[in-house]
Amino acid sequence: MPVAFRENINRCYQCGKCSTGCPIAEAMDMLPHQVIHLLALGMEARVRPLNTPWLCAGCYTCAVRCPNDIDVTAVMGELREKAIAAGAPCPCPDVLAFHRNFLRDLKRRGRIHELRMMGEYNLLTRRPFRDAALASKMLLKGRLPLRAPRALRGFKRWVRKAGRL
Ligand code: SF4
Ligand code: SF4
């Protein structure tokens, strides 16, 4: 029994245009059009262990190129949401750690503090000194502020409101 997606993936006729334009295709376990095909056949379980939805950069090239107006980018996002909701093991834990870290900062102040985010991400992924050389160069050139930016005014209210929607 095919699982329902917000996008009508049954409109896909496997032209492959989404995959030929994808800048990350080479690194993916399976190409976007193949993922859509499996989903249309109701084989979401086959897609779960793949890195494809997790490596998707959300660039929307596939969505723009699709002749059937299928938002493949949204499907990739929905696959990630479903995997997290189901508590499935993530094939790309570093990517998941990055997403969570980014969102935590965003929810806190509506802005990203790059230095904190980079440091915490490197700690979470157990490579604390990975960006040390680059960070010190950027600090010297004043491209990496030490202080966290001020929170956007009213941002916490927007987050609370969005949570109620
Ligand atoms: S949105 Fe994702 S799947 Fe689509 S082209 Fe960009 S990287 Fe590839
Ligand atoms: S571009 Fe659209 S119709 Fe073509 S394979 Fe991709 S999802 Fe299917």
# chains A, B, ... in the order shown; residues from 1 in each chain; ligands from 1

call {"tool": "residues_around", "arguments": {"residues": "Val64 (chain A)", "least_positions_apart": "6", "cutoff": "12 Å", "atoms": "only C-alpha atoms", "output": "list of chain:residue names"}}
result
A:Lys17, A:Cys18, A:Ser19, A:Gly21, A:Cys22, A:Gly58, A:Ile70, A:Asp71, A:Val72, A:Thr73, A:Ala74

call {"tool": "residues_near_ligand", "arguments": {"ligand": "ligand 2", "cutoff": "12 Å", "atoms": "only C-alpha atoms and all ligand atoms", "output": "ChimeraX atom specification"}}
result
/A:7-22,31-40,60-76

call {"tool": "write_last_selection", "arguments": {"atoms": "C-alpha atoms", "output": "CSV table (one decimal), in the first residue's frame"}}
result
chain,number,residue,atom,x,y,z
A,7,GLU,CA,3.2,15.9,-3.2
A,8,ASN,CA,1.4,13.9,-5.8
A,9,ILE,CA,4.4,11.6,-6.7
A,10,ASN,CA,2.1,9.5,-8.9
A,11,ARG,CA,2.4,12.2,-11.6
A,12,CYS,CA,6.0,11.2,-12.1
A,13,TYR,CA,6.7,9.6,-15.5
A,14,GLN,CA,10.4,9.0,-14.8
A,15,CYS,CA,11.9,11.4,-17.3
A,16,GLY,CA,14.9,11.8,-15.0
A,17,LYS,CA,15.2,15.6,-15.3
A,18,CYS,CA,15.3,16.0,-11.5
A,19,SER,CA,18.4,13.8,-11.3
A,20,THR,CA,20.3,15.2,-14.2
A,21,GLY,CA,20.1,18.7,-12.7
A,22,CYS,CA,20.9,17.6,-9.1
A,31,LEU,CA,19.2,9.3,-7.7
A,32,PRO,CA,16.2,11.5,-6.9
A,33,HIS,CA,14.0,10.1,-9.8
A,34,GLN,CA,14.8,6.5,-8.6
A,35,VAL,CA,13.7,7.5,-5.1
A,36,ILE,CA,10.5,9.0,-6.4
A,37,HIS,CA,9.9,5.7,-8.3
A,38,LEU,CA,10.3,3.6,-5.2
A,39,LEU,CA,8.0,5.8,-3.2
A,40,ALA,CA,5.3,5.7,-5.9
A,60,TYR,CA,15.1,23.3,-5.7
A,61,THR,CA,16.8,22.5,-9.1
A,62,CYS,CA,14.8,19.3,-9.3
A,63,ALA,CA,11.5,21.0,-8.4
A,64,VAL,CA,12.1,23.7,-11.0
A,65,ARG,CA,13.0,21.2,-13.7
A,66,CYS,CA,10.1,18.8,-13.2
A,67,PRO,CA,7.7,18.9,-16.1
A,68,ASN,CA,4.9,17.6,-13.8
A,69,ASP,CA,5.3,20.2,-11.1
A,70,ILE,CA,6.4,17.7,-8.5
A,71,ASP,CA,8.3,19.4,-5.7
A,72,VAL,CA,11.0,16.8,-5.3
A,73,THR,CA,12.8,19.0,-2.7
A,74,ALA,CA,9.7,18.9,-0.5
A,75,VAL,CA,9.6,15.1,-0.9
A,76,MET,CA,13.2,14.9,0.3

call {"tool": "atom_distance", "arguments": {"atom1": "CA of Met118 (chain A)", "atom2": "CA of Arg150 (chain A)"}}
result
18.0 Å

call {"tool": "select_by_dssp", "arguments": {"residues": "chain A", "states": "alpha helix (DSSP H)", "output": "ChimeraX atom specification"}}
result
/A:17-20,32-40,44-47,52-55,61-65,72-85,93-109,114-124,132-140,155-164

call {"tool": "residues_around", "arguments": {"residues": "Cys92 (chain A)", "least_positions_apart": "4", "cutoff": "9 Å", "atoms": "only C-alpha atoms", "output": "CSV table (one decimal) with N, CA, C and O atoms, in the first residue's frame"}}
result
chain,number,residue,atom,x,y,z
A,50,LEU,N,18.9,5.0,2.7
A,50,LEU,CA,19.7,5.7,1.7
A,50,LEU,C,20.1,7.1,2.2
A,50,LEU,O,19.3,7.8,3.0
A,51,ASN,N,21.2,7.6,1.7
A,51,ASN,CA,21.7,8.9,2.2
A,51,ASN,C,21.0,10.0,1.3
A,51,ASN,O,21.1,11.2,1.6
A,54,TRP,N,19.1,12.9,2.9
A,54,TRP,CA,19.9,13.6,3.9
A,54,TRP,C,21.0,14.4,3.3
A,54,TRP,O,21.4,15.4,3.8
A,55,LEU,N,21.4,14.0,2.1
A,55,LEU,CA,22.5,14.8,1.4
A,55,LEU,C,21.8,15.9,0.5
A,55,LEU,O,22.5,16.9,0.1
A,96,LEU,N,22.4,15.1,10.4
A,96,LEU,CA,21.3,15.3,11.4
A,96,LEU,C,21.8,16.2,12.5
A,96,LEU,O,21.1,17.2,12.9
A,97,ALA,N,23.0,16.0,12.9
A,97,ALA,CA,23.6,16.8,14.0
A,97,ALA,C,23.7,18.3,13.6
A,97,ALA,O,23.4,19.2,14.3

call {"tool": "atom_distance", "arguments": {"atom1": "CA of Phe155 (chain A)", "atom2": "CA of Ile84 (chain A)"}}
result
25.6 Å

call {"tool": "closest_residue", "arguments": {"among": "A:Ala25, A:Cys56, A:Met117, A:Ala85", "to": "Pro145 (chain A)", "atoms": "only C-alpha atoms"}}
result
A:Met117

call {"tool": "closest_residue", "arguments": {"among": "A:Leu79, A:Ala4, A:Met30, A:Cys59", "to": "ligand 1", "atoms": "only C-alpha atoms and all ligand atoms"}}
result
A:Cys59

call {"tool": "closest_residue", "arguments": {"among": "A:Arg157, A:Arg80, A:Arg109, A:Arg6", "to": "ligand 1", "atoms": "only C-alpha atoms and all ligand atoms"}}
result
A:Arg80

call {"tool": "atom_distance", "arguments": {"atom1": "CA of Leu144 (chain A)", "atom2": "CA of His113 (chain A)"}}
result
8.9 Å

call {"tool": "closest_residue", "arguments": {"among": "A:Arg108, A:Lys137, A:Lys161, A:His99", "to": "Ala57 (chain A)", "atoms": "only C-alpha atoms"}}
result
A:His99

call {"tool": "closest_residue", "arguments": {"among": "A:Asp105, A:Leu134, A:Arg143, A:Arg48", "to": "Gly87 (chain A)", "atoms": "only C-alpha atoms"}}
result
A:Arg48
